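For reference, the structure is listed below as structure tokens.
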Amino acid sequence: MSPILVRPVREQLEHDRVIRLLQAKLKRKHDVAINIGDDQAAGLKIGPGQMFPDLVLSSPDKNKRLEGVIEVETGESVNHLEAMAQWAHFGRARVPFHLYVPAGAVDIARRLCVENQVSVSEIWSYHSIADQTRFTLVQRAPAAVAKPAPPPKASPERTAPAKTSRPAAKAASAKTKKAPAGKATAPAKKAKPAGKRK
């Protein structure tokens, strides 16, 4: 797919520089392919068409399993057309989609994602100070957060009725055997007077 817009030269240089910085940063964990300018080195089939996100992350092993896509935007490209024509498609890929935007465009990017129902895993902001560029995670999708473990089930010991211990059962049995046959069946109420107790 051809670019949605033609960026001013200054923004295009910034855009390409951020892509190369991310490539260097992420290559420790992924095999990173980039598409800069007119170069279309790493394509991604989404639906009927072929798309070329700025960075394509794959597993470093021989399987080269797709692990994520990244799109870097500049001030000019954080707009409704870009969100509808590219972000929405990248969000349909069955891998995490990360969006990088200038620090001043974060709120606009969030609103565009909501309005266009873009399924974005993470939104990052970036800003440059002199020759240094800093990246900040500003939004993470709830699905990326681990769900709390369910509470443990009650153990059978807590729910089962209390059982008489074996020593107590034996003592009760012994008392029954020693008692005379006639008194064993007598009701407990008749034994109340103190004079009749042994």
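Following the order of the structure tokens, first chain is A, next is B, and so on, with residues numbered from 1 inside each chain and ligands from 1 in the order they appear.
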
Inset, instruction - Tell me, as a ChimeraX atom specification, which residues lie within 12 Å of Cys113 of chain A, counting only C-alpha atoms; anything in the same chain fewer than 2 positions away does not count. - result: /A:78-91,97-99,106-111,115-123,139,141

Those residues you just picked out, can you put them in a file as a short mmCIF file (atom, residue, chain, number, x, y, z; two decimals), in the first residue's frame with N, CA, C and O atoms?
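This is the output file result.cif:
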```cif
data_model
loop_
_atom_site.label_atom_id
_atom_site.label_comp_id
_atom_site.auth_asym_id
_atom_site.auth_seq_id
_atom_site.Cartn_x
_atom_site.Cartn_y
_atom_site.Cartn_z
N VAL A 78 -0.85 11.87 12.36
CA VAL A 78 -1.83 11.46 13.39
C VAL A 78 -3.16 12.11 13.01
O VAL A 78 -3.49 13.21 13.44
N ASN A 79 -3.91 11.42 12.17
CA ASN A 79 -5.17 11.97 11.67
C ASN A 79 -6.17 10.85 11.39
O ASN A 79 -5.84 9.67 11.44
N HIS A 80 -7.38 11.24 11.11
CA HIS A 80 -8.47 10.28 10.93
C HIS A 80 -8.22 9.35 9.73
O HIS A 80 -8.48 8.15 9.81
N LEU A 81 -7.71 9.90 8.65
CA LEU A 81 -7.48 9.10 7.45
C LEU A 81 -6.44 7.99 7.71
O LEU A 81 -6.62 6.84 7.31
N GLU A 82 -5.38 8.36 8.40
CA GLU A 82 -4.33 7.39 8.71
C GLU A 82 -4.87 6.29 9.64
O GLU A 82 -4.59 5.11 9.47
N ALA A 83 -5.66 6.71 10.63
CA ALA A 83 -6.22 5.74 11.57
C ALA A 83 -7.14 4.75 10.87
O ALA A 83 -7.11 3.55 11.15
N MET A 84 -7.94 5.26 9.97
CA MET A 84 -8.91 4.42 9.28
C MET A 84 -8.24 3.51 8.25
O MET A 84 -8.60 2.33 8.11
N ALA A 85 -7.26 4.04 7.52
CA ALA A 85 -6.66 3.30 6.41
C ALA A 85 -5.53 2.36 6.84
O ALA A 85 -5.24 1.39 6.14
N GLN A 86 -4.88 2.64 8.00
CA GLN A 86 -3.75 1.80 8.40
C GLN A 86 -3.91 1.22 9.81
O GLN A 86 -3.85 0.01 9.99
N TRP A 87 -4.10 2.06 10.80
CA TRP A 87 -4.15 1.57 12.19
C TRP A 87 -5.22 0.50 12.37
O TRP A 87 -4.98 -0.52 13.01
N ALA A 88 -6.40 0.74 11.80
CA ALA A 88 -7.50 -0.20 11.97
C ALA A 88 -7.13 -1.58 11.41
O ALA A 88 -7.48 -2.61 11.98
N HIS A 89 -6.41 -1.59 10.29
CA HIS A 89 -5.99 -2.86 9.67
C HIS A 89 -4.91 -3.55 10.51
O HIS A 89 -4.96 -4.77 10.71
N PHE A 90 -3.94 -2.78 10.99
CA PHE A 90 -2.88 -3.37 11.82
C PHE A 90 -3.47 -3.95 13.10
O PHE A 90 -2.97 -4.94 13.63
N GLY A 91 -4.51 -3.31 13.61
CA GLY A 91 -5.15 -3.80 14.83
C GLY A 91 -5.87 -5.12 14.63
O GLY A 91 -6.16 -5.82 15.60
N PHE A 97 -0.24 -4.86 18.26
CA PHE A 97 -0.01 -3.68 17.43
C PHE A 97 0.38 -2.53 18.35
O PHE A 97 -0.37 -2.15 19.24
N HIS A 98 1.58 -1.98 18.13
CA HIS A 98 2.09 -0.87 18.94
C HIS A 98 2.15 0.39 18.08
O HIS A 98 2.67 0.35 16.96
N LEU A 99 1.65 1.47 18.64
CA LEU A 99 1.61 2.75 17.94
C LEU A 99 2.51 3.75 18.64
O LEU A 99 2.40 3.94 19.85
N VAL A 106 -0.56 12.52 21.73
CA VAL A 106 -1.06 11.33 22.43
C VAL A 106 -2.58 11.36 22.57
O VAL A 106 -3.27 10.38 22.27
N ASP A 107 -3.13 12.48 23.03
CA ASP A 107 -4.58 12.57 23.23
C ASP A 107 -5.35 12.39 21.92
O ASP A 107 -6.39 11.73 21.89
N ILE A 108 -4.83 12.96 20.85
CA ILE A 108 -5.48 12.82 19.54
C ILE A 108 -5.44 11.37 19.09
O ILE A 108 -6.43 10.82 18.59
N ALA A 109 -4.28 10.72 19.28
CA ALA A 109 -4.14 9.32 18.88
C ALA A 109 -5.11 8.43 19.66
O ALA A 109 -5.75 7.54 19.08
N ARG A 110 -5.25 8.67 20.96
CA ARG A 110 -6.20 7.90 21.76
C ARG A 110 -7.63 8.06 21.24
O ARG A 110 -8.38 7.08 21.12
N ARG A 111 -7.99 9.31 20.97
CA ARG A 111 -9.35 9.57 20.50
C ARG A 111 -9.60 8.91 19.14
O ARG A 111 -10.65 8.30 18.91
N GLU A 115 -12.52 6.21 18.18
CA GLU A 115 -13.49 6.54 17.13
C GLU A 115 -13.46 5.52 15.99
O GLU A 115 -14.50 5.23 15.38
N ASN A 116 -12.28 4.99 15.67
CA ASN A 116 -12.14 4.06 14.55
C ASN A 116 -12.06 2.60 15.00
O ASN A 116 -11.75 1.72 14.20
N GLN A 117 -12.31 2.37 16.30
CA GLN A 117 -12.32 1.02 16.87
C GLN A 117 -11.02 0.27 16.54
O GLN A 117 -11.03 -0.87 16.09
N VAL A 118 -9.91 0.96 16.77
CA VAL A 118 -8.60 0.38 16.52
C VAL A 118 -8.18 -0.46 17.72
O VAL A 118 -8.13 0.04 18.85
N SER A 119 -7.88 -1.70 17.49
CA SER A 119 -7.42 -2.59 18.57
C SER A 119 -5.91 -2.45 18.71
O SER A 119 -5.14 -3.15 18.07
N VAL A 120 -5.49 -1.50 19.54
CA VAL A 120 -4.07 -1.22 19.74
C VAL A 120 -3.62 -1.79 21.08
O VAL A 120 -4.28 -1.59 22.10
N SER A 121 -2.52 -2.53 21.07
CA SER A 121 -2.02 -3.15 22.31
C SER A 121 -1.34 -2.12 23.20
O SER A 121 -1.55 -2.11 24.41
N GLU A 122 -0.52 -1.26 22.58
CA GLU A 122 0.19 -0.23 23.35
C GLU A 122 0.31 1.04 22.52
O GLU A 122 0.50 0.98 21.30
N ILE A 123 0.22 2.17 23.21
CA ILE A 123 0.52 3.46 22.59
C ILE A 123 1.73 4.04 23.32
O ILE A 123 1.74 4.12 24.55
N GLN A 139 -0.21 4.06 27.18
CA GLN A 139 -1.46 3.29 27.24
C GLN A 139 -1.20 1.84 26.91
O GLN A 139 -0.44 1.53 25.98
N ALA A 141 -3.43 -1.89 26.50
CA ALA A 141 -4.77 -2.48 26.43
C ALA A 141 -5.02 -3.38 27.63
O ALA A 141 -4.10 -4.06 28.09
#
```

Legend entry - Among the residues A:Arg28, A:Val9, A:Ile36, A:Ala93, the one that comes closest to Gln50 of chain A [using only C-alpha atoms]: A:Ala93

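Proximity of A:Leu13, A:Asn63, A:Glu71, A:Asp131 to Met51 of chain A, computed with only C-alpha atoms, is greatest for A:Glu71.
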
Please return as a short mmCIF file (atom, residue, chain, number, x, y, z; two decimals) with N, CA, C and O atoms, in the first residue's frame: the residues of segment 8-155 of chain A that backbone DSSP assigns to strand (DSSP E or B).
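Final file, states_30.cif:
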```cif
data_model
loop_
_atom_site.label_atom_id
_atom_site.label_comp_id
_atom_site.auth_asym_id
_atom_site.auth_seq_id
_atom_site.Cartn_x
_atom_site.Cartn_y
_atom_site.Cartn_z
N ASP A 31 13.54 -10.54 15.68
CA ASP A 31 14.11 -10.29 14.36
C ASP A 31 13.28 -9.14 13.79
O ASP A 31 12.06 -9.28 13.61
N VAL A 32 13.90 -7.99 13.55
CA VAL A 32 13.16 -6.78 13.20
C VAL A 32 13.40 -6.40 11.74
O VAL A 32 14.54 -6.16 11.33
N ALA A 33 12.33 -6.34 10.98
CA ALA A 33 12.40 -5.87 9.60
C ALA A 33 11.72 -4.51 9.53
O ALA A 33 10.72 -4.27 10.22
N ILE A 34 12.28 -3.60 8.74
CA ILE A 34 11.73 -2.24 8.66
C ILE A 34 11.37 -1.87 7.23
O ILE A 34 11.94 -2.39 6.27
N LEU A 44 2.94 -7.56 5.05
CA LEU A 44 2.07 -8.25 5.99
C LEU A 44 0.70 -8.38 5.33
O LEU A 44 0.09 -7.39 4.95
N LYS A 45 0.25 -9.61 5.19
CA LYS A 45 -1.05 -9.83 4.54
C LYS A 45 -2.15 -9.70 5.58
O LYS A 45 -2.23 -10.49 6.52
N ILE A 46 -3.00 -8.70 5.41
CA ILE A 46 -4.14 -8.48 6.31
C ILE A 46 -5.38 -8.38 5.44
O ILE A 46 -5.52 -7.44 4.66
N GLY A 49 -5.59 -7.49 1.25
CA GLY A 49 -4.46 -6.68 0.79
C GLY A 49 -3.15 -6.96 1.50
O GLY A 49 -3.09 -7.65 2.50
N GLN A 50 -2.09 -6.39 0.93
CA GLN A 50 -0.75 -6.48 1.49
C GLN A 50 -0.38 -5.11 2.07
O GLN A 50 -0.53 -4.09 1.39
N MET A 51 0.07 -5.11 3.33
CA MET A 51 0.41 -3.85 3.97
C MET A 51 1.86 -3.88 4.45
O MET A 51 2.44 -4.96 4.64
N LEU A 55 7.61 -1.28 11.24
CA LEU A 55 8.45 -2.35 11.78
C LEU A 55 7.63 -3.63 11.90
O LEU A 55 6.46 -3.59 12.31
N VAL A 56 8.24 -4.74 11.53
CA VAL A 56 7.61 -6.06 11.64
C VAL A 56 8.50 -6.91 12.54
O VAL A 56 9.68 -7.11 12.24
N LEU A 57 7.93 -7.38 13.65
CA LEU A 57 8.70 -8.17 14.61
C LEU A 57 8.42 -9.65 14.42
O LEU A 57 7.26 -10.07 14.37
N SER A 58 9.49 -10.43 14.33
CA SER A 58 9.37 -11.88 14.19
C SER A 58 10.24 -12.55 15.24
O SER A 58 11.13 -11.94 15.82
N LEU A 66 5.53 -14.48 13.37
CA LEU A 66 5.17 -13.06 13.52
C LEU A 66 4.81 -12.78 14.96
O LEU A 66 3.98 -13.47 15.56
N GLU A 67 5.43 -11.74 15.56
CA GLU A 67 5.22 -11.44 16.97
C GLU A 67 4.68 -10.03 17.23
O GLU A 67 4.27 -9.73 18.35
N GLY A 68 4.66 -9.18 16.22
CA GLY A 68 4.11 -7.84 16.45
C GLY A 68 4.36 -6.92 15.28
O GLY A 68 5.23 -7.18 14.43
N VAL A 69 3.57 -5.84 15.23
CA VAL A 69 3.77 -4.80 14.22
C VAL A 69 3.79 -3.44 14.91
O VAL A 69 3.11 -3.24 15.93
N ILE A 70 4.58 -2.55 14.37
CA ILE A 70 4.73 -1.21 14.95
C ILE A 70 4.55 -0.16 13.85
O ILE A 70 5.11 -0.31 12.75
N GLU A 71 3.81 0.86 14.18
CA GLU A 71 3.64 1.98 13.26
C GLU A 71 4.10 3.26 13.97
O GLU A 71 3.70 3.53 15.10
N VAL A 72 4.97 4.00 13.31
CA VAL A 72 5.49 5.26 13.85
C VAL A 72 4.84 6.41 13.09
O VAL A 72 4.85 6.44 11.85
N PHE A 97 -0.24 -4.86 18.26
CA PHE A 97 -0.01 -3.68 17.43
C PHE A 97 0.38 -2.53 18.35
O PHE A 97 -0.37 -2.15 19.24
N HIS A 98 1.58 -1.98 18.13
CA HIS A 98 2.09 -0.87 18.94
C HIS A 98 2.15 0.39 18.08
O HIS A 98 2.67 0.35 16.96
N LEU A 99 1.65 1.47 18.64
CA LEU A 99 1.61 2.75 17.94
C LEU A 99 2.51 3.75 18.64
O LEU A 99 2.40 3.94 19.85
N TYR A 100 3.40 4.39 17.89
CA TYR A 100 4.31 5.41 18.42
C TYR A 100 3.94 6.76 17.81
O TYR A 100 3.88 6.90 16.58
N VAL A 101 3.70 7.73 18.68
CA VAL A 101 3.30 9.07 18.22
C VAL A 101 4.09 10.13 18.98
O VAL A 101 4.59 9.85 20.08
N PRO A 102 4.21 11.34 18.44
CA PRO A 102 4.89 12.41 19.19
C PRO A 102 4.16 12.69 20.50
O PRO A 102 2.95 12.49 20.61
N GLU A 122 -0.52 -1.26 22.58
CA GLU A 122 0.19 -0.23 23.35
C GLU A 122 0.31 1.04 22.52
O GLU A 122 0.50 0.98 21.30
N ILE A 123 0.22 2.17 23.21
CA ILE A 123 0.52 3.46 22.59
C ILE A 123 1.73 4.04 23.32
O ILE A 123 1.74 4.12 24.55
N TRP A 124 2.73 4.42 22.55
CA TRP A 124 3.95 5.02 23.09
C TRP A 124 4.09 6.44 22.57
O TRP A 124 3.72 6.73 21.43
N SER A 125 4.64 7.29 23.42
CA SER A 125 4.99 8.63 22.96
C SER A 125 6.50 8.73 22.83
O SER A 125 7.23 7.97 23.47
N TYR A 126 6.95 9.63 21.99
CA TYR A 126 8.39 9.86 21.89
C TYR A 126 8.64 11.36 21.78
O TYR A 126 7.81 12.11 21.25
N HIS A 127 9.76 11.78 22.34
CA HIS A 127 10.16 13.18 22.16
C HIS A 127 11.69 13.25 22.18
O HIS A 127 12.35 12.43 22.82
N SER A 128 12.19 14.19 21.44
CA SER A 128 13.64 14.33 21.29
C SER A 128 14.15 15.55 22.03
O SER A 128 13.52 16.62 22.00
N ILE A 129 15.26 15.35 22.73
CA ILE A 129 15.97 16.45 23.38
C ILE A 129 17.39 16.41 22.84
O ILE A 129 18.14 15.47 23.10
N GLN A 132 18.99 13.10 21.71
CA GLN A 132 18.44 11.98 22.46
C GLN A 132 16.92 11.88 22.25
O GLN A 132 16.22 12.89 22.28
N THR A 133 16.45 10.66 22.05
CA THR A 133 15.01 10.43 21.90
C THR A 133 14.54 9.50 23.00
O THR A 133 15.14 8.45 23.24
N ARG A 134 13.50 9.91 23.71
CA ARG A 134 12.97 9.12 24.81
C ARG A 134 11.59 8.58 24.45
O ARG A 134 10.77 9.30 23.89
N PHE A 135 11.35 7.33 24.86
CA PHE A 135 10.07 6.68 24.60
C PHE A 135 9.35 6.44 25.93
O PHE A 135 9.97 6.02 26.90
N THR A 136 8.05 6.69 25.94
CA THR A 136 7.26 6.52 27.16
C THR A 136 5.98 5.76 26.83
O THR A 136 5.24 6.16 25.92
N LEU A 137 5.71 4.70 27.58
CA LEU A 137 4.47 3.95 27.41
C LEU A 137 3.33 4.75 28.05
O LEU A 137 3.38 5.06 29.23
N VAL A 138 2.32 5.10 27.28
CA VAL A 138 1.23 5.93 27.79
C VAL A 138 -0.10 5.19 27.87
O VAL A 138 -1.03 5.63 28.55
N GLN A 139 -0.21 4.06 27.18
CA GLN A 139 -1.46 3.29 27.24
C GLN A 139 -1.20 1.84 26.91
O GLN A 139 -0.44 1.53 25.98
N ARG A 140 -1.81 0.97 27.69
CA ARG A 140 -1.71 -0.48 27.42
C ARG A 140 -3.11 -1.06 27.46
O ARG A 140 -3.89 -0.76 28.35
#
```

Inset, instruction - Could you tell me, as JSON, numbers by chain, which residues of segment 38-108 of chain A DSSP assigns to helix (DSSP H, G or I) when given the backbone? - result: {"A": [75, 76, 77, 80, 81, 82, 83, 84, 85, 86, 87, 88, 89, 90, 103, 104, 105, 106, 107, 108]}

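Checking A:Arg10, A:His30, A:His15, A:Lys25 one by one against Glu73 of chain A, counting only C-alpha atoms, you find the shortest gap at A:His15.
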
Legend entry - All residues 12 Å or closer to Gln12 of chain A, only C-alpha atoms, same chain fewer than 4 positions away omitted, as a PyMOL selection string: chain A and resi 3+5-8+16-19+36-38+72-77

Selection export as a compact mmCIF listing (two decimals), in the first residue's frame, atoms kept: all heavy atoms:
```
# COMPACT_ATOMS: atom_id res chain seq x y z
N PRO A 3 2.02 5.18 0.63
CA PRO A 3 1.83 6.04 1.80
C PRO A 3 0.56 6.87 1.68
O PRO A 3 0.17 7.30 0.59
CB PRO A 3 3.08 6.93 1.78
CG PRO A 3 4.09 6.15 0.99
CD PRO A 3 3.30 5.40 -0.04
N LEU A 5 0.08 9.82 3.03
CA LEU A 5 0.41 11.23 2.82
C LEU A 5 1.91 11.39 2.59
O LEU A 5 2.69 10.47 2.85
CB LEU A 5 -0.04 12.07 4.02
CG LEU A 5 0.47 11.65 5.41
CD1 LEU A 5 1.86 12.18 5.67
CD2 LEU A 5 -0.49 12.18 6.48
N VAL A 6 2.27 12.52 2.08
CA VAL A 6 3.69 12.85 1.88
C VAL A 6 4.09 13.80 3.02
O VAL A 6 3.58 14.93 3.09
CB VAL A 6 3.94 13.49 0.51
CG1 VAL A 6 5.41 13.85 0.35
CG2 VAL A 6 3.51 12.53 -0.61
N ARG A 7 4.98 13.35 3.90
CA ARG A 7 5.38 14.17 5.04
C ARG A 7 6.36 15.25 4.59
O ARG A 7 7.11 15.07 3.64
CB ARG A 7 6.06 13.30 6.10
CG ARG A 7 5.16 12.32 6.81
CD ARG A 7 5.93 11.60 7.90
NE ARG A 7 5.08 10.68 8.65
CZ ARG A 7 4.91 9.41 8.32
NH1 ARG A 7 5.54 8.91 7.26
NH2 ARG A 7 4.12 8.64 9.03
N PRO A 8 6.39 16.36 5.32
CA PRO A 8 7.45 17.35 5.11
C PRO A 8 8.81 16.67 5.33
O PRO A 8 8.91 15.72 6.11
CB PRO A 8 7.17 18.40 6.18
CG PRO A 8 5.73 18.23 6.53
CD PRO A 8 5.43 16.78 6.35
N ASP A 16 11.97 8.38 10.09
CA ASP A 16 12.93 7.32 9.74
C ASP A 16 13.94 7.10 10.86
O ASP A 16 14.36 5.97 11.12
CB ASP A 16 13.64 7.65 8.43
CG ASP A 16 12.67 7.72 7.24
OD1 ASP A 16 11.50 7.29 7.41
OD2 ASP A 16 13.07 8.20 6.17
N ARG A 17 14.31 8.17 11.54
CA ARG A 17 15.28 8.05 12.64
C ARG A 17 14.68 7.26 13.80
O ARG A 17 15.35 6.42 14.40
CB ARG A 17 15.71 9.45 13.10
CG ARG A 17 16.88 9.46 14.09
CD ARG A 17 17.31 10.89 14.39
NE ARG A 17 16.30 11.59 15.16
CZ ARG A 17 16.20 11.53 16.49
NH1 ARG A 17 17.03 10.80 17.20
NH2 ARG A 17 15.27 12.22 17.12
N VAL A 18 13.40 7.53 14.11
CA VAL A 18 12.74 6.81 15.19
C VAL A 18 12.61 5.33 14.84
O VAL A 18 12.81 4.46 15.70
CB VAL A 18 11.35 7.43 15.47
CG1 VAL A 18 10.55 6.55 16.44
CG2 VAL A 18 11.50 8.83 16.05
N ILE A 19 12.32 5.02 13.61
CA ILE A 19 12.22 3.62 13.18
C ILE A 19 13.55 2.90 13.41
O ILE A 19 13.59 1.78 13.93
CB ILE A 19 11.81 3.53 11.69
CG1 ILE A 19 10.36 3.98 11.52
CG2 ILE A 19 11.99 2.11 11.16
CD1 ILE A 19 9.89 4.03 10.08
N ILE A 36 11.16 1.61 5.30
CA ILE A 36 11.43 3.05 5.36
C ILE A 36 11.28 3.66 3.96
O ILE A 36 11.83 3.13 2.98
CB ILE A 36 12.85 3.33 5.89
CG1 ILE A 36 12.92 2.98 7.39
CG2 ILE A 36 13.23 4.79 5.69
CD1 ILE A 36 14.25 3.29 8.02
N GLY A 37 10.52 4.75 3.92
CA GLY A 37 10.34 5.44 2.64
C GLY A 37 9.65 4.55 1.62
O GLY A 37 8.60 3.96 1.89
N ASP A 38 10.27 4.43 0.44
CA ASP A 38 9.69 3.61 -0.62
C ASP A 38 10.08 2.14 -0.51
O ASP A 38 9.60 1.31 -1.29
CB ASP A 38 10.12 4.15 -1.99
CG ASP A 38 9.57 5.54 -2.25
OD1 ASP A 38 8.48 5.85 -1.71
OD2 ASP A 38 10.21 6.32 -2.99
N VAL A 72 4.97 4.00 13.31
CA VAL A 72 5.49 5.26 13.85
C VAL A 72 4.84 6.41 13.09
O VAL A 72 4.85 6.44 11.85
CB VAL A 72 7.03 5.33 13.69
CG1 VAL A 72 7.55 6.68 14.19
CG2 VAL A 72 7.70 4.19 14.45
N GLU A 73 4.27 7.34 13.84
CA GLU A 73 3.63 8.50 13.22
C GLU A 73 4.34 9.78 13.62
O GLU A 73 5.05 9.83 14.63
CB GLU A 73 2.15 8.58 13.63
CG GLU A 73 1.33 7.35 13.28
CD GLU A 73 1.21 7.07 11.80
OE1 GLU A 73 1.66 7.91 10.98
OE2 GLU A 73 0.67 6.01 11.45
N THR A 74 4.13 10.80 12.82
CA THR A 74 4.63 12.14 13.13
C THR A 74 3.42 13.06 13.30
O THR A 74 2.28 12.60 13.17
CB THR A 74 5.54 12.67 12.00
OG1 THR A 74 4.80 12.65 10.77
CG2 THR A 74 6.78 11.79 11.86
N GLY A 75 3.67 14.31 13.61
CA GLY A 75 2.56 15.23 13.85
C GLY A 75 1.56 15.28 12.71
O GLY A 75 0.35 15.30 12.93
N GLU A 76 2.04 15.27 11.46
CA GLU A 76 1.16 15.37 10.30
C GLU A 76 0.33 14.11 10.09
O GLU A 76 -0.77 14.17 9.53
CB GLU A 76 2.00 15.64 9.04
CG GLU A 76 2.61 17.03 8.98
CD GLU A 76 1.58 18.11 8.66
OE1 GLU A 76 0.58 17.79 8.00
OE2 GLU A 76 1.78 19.27 9.10
N SER A 77 0.86 12.96 10.50
CA SER A 77 0.19 11.69 10.15
C SER A 77 -0.73 11.16 11.25
O SER A 77 -1.31 10.09 11.09
CB SER A 77 1.23 10.62 9.78
OG SER A 77 2.07 10.33 10.88
```

Inset, instruction - Please indicate the distance in Å from atom CA of Asp39 of chain A to atom CA of Phe52 of chain A, rounded to one decimal place. - result: 9.3 Å
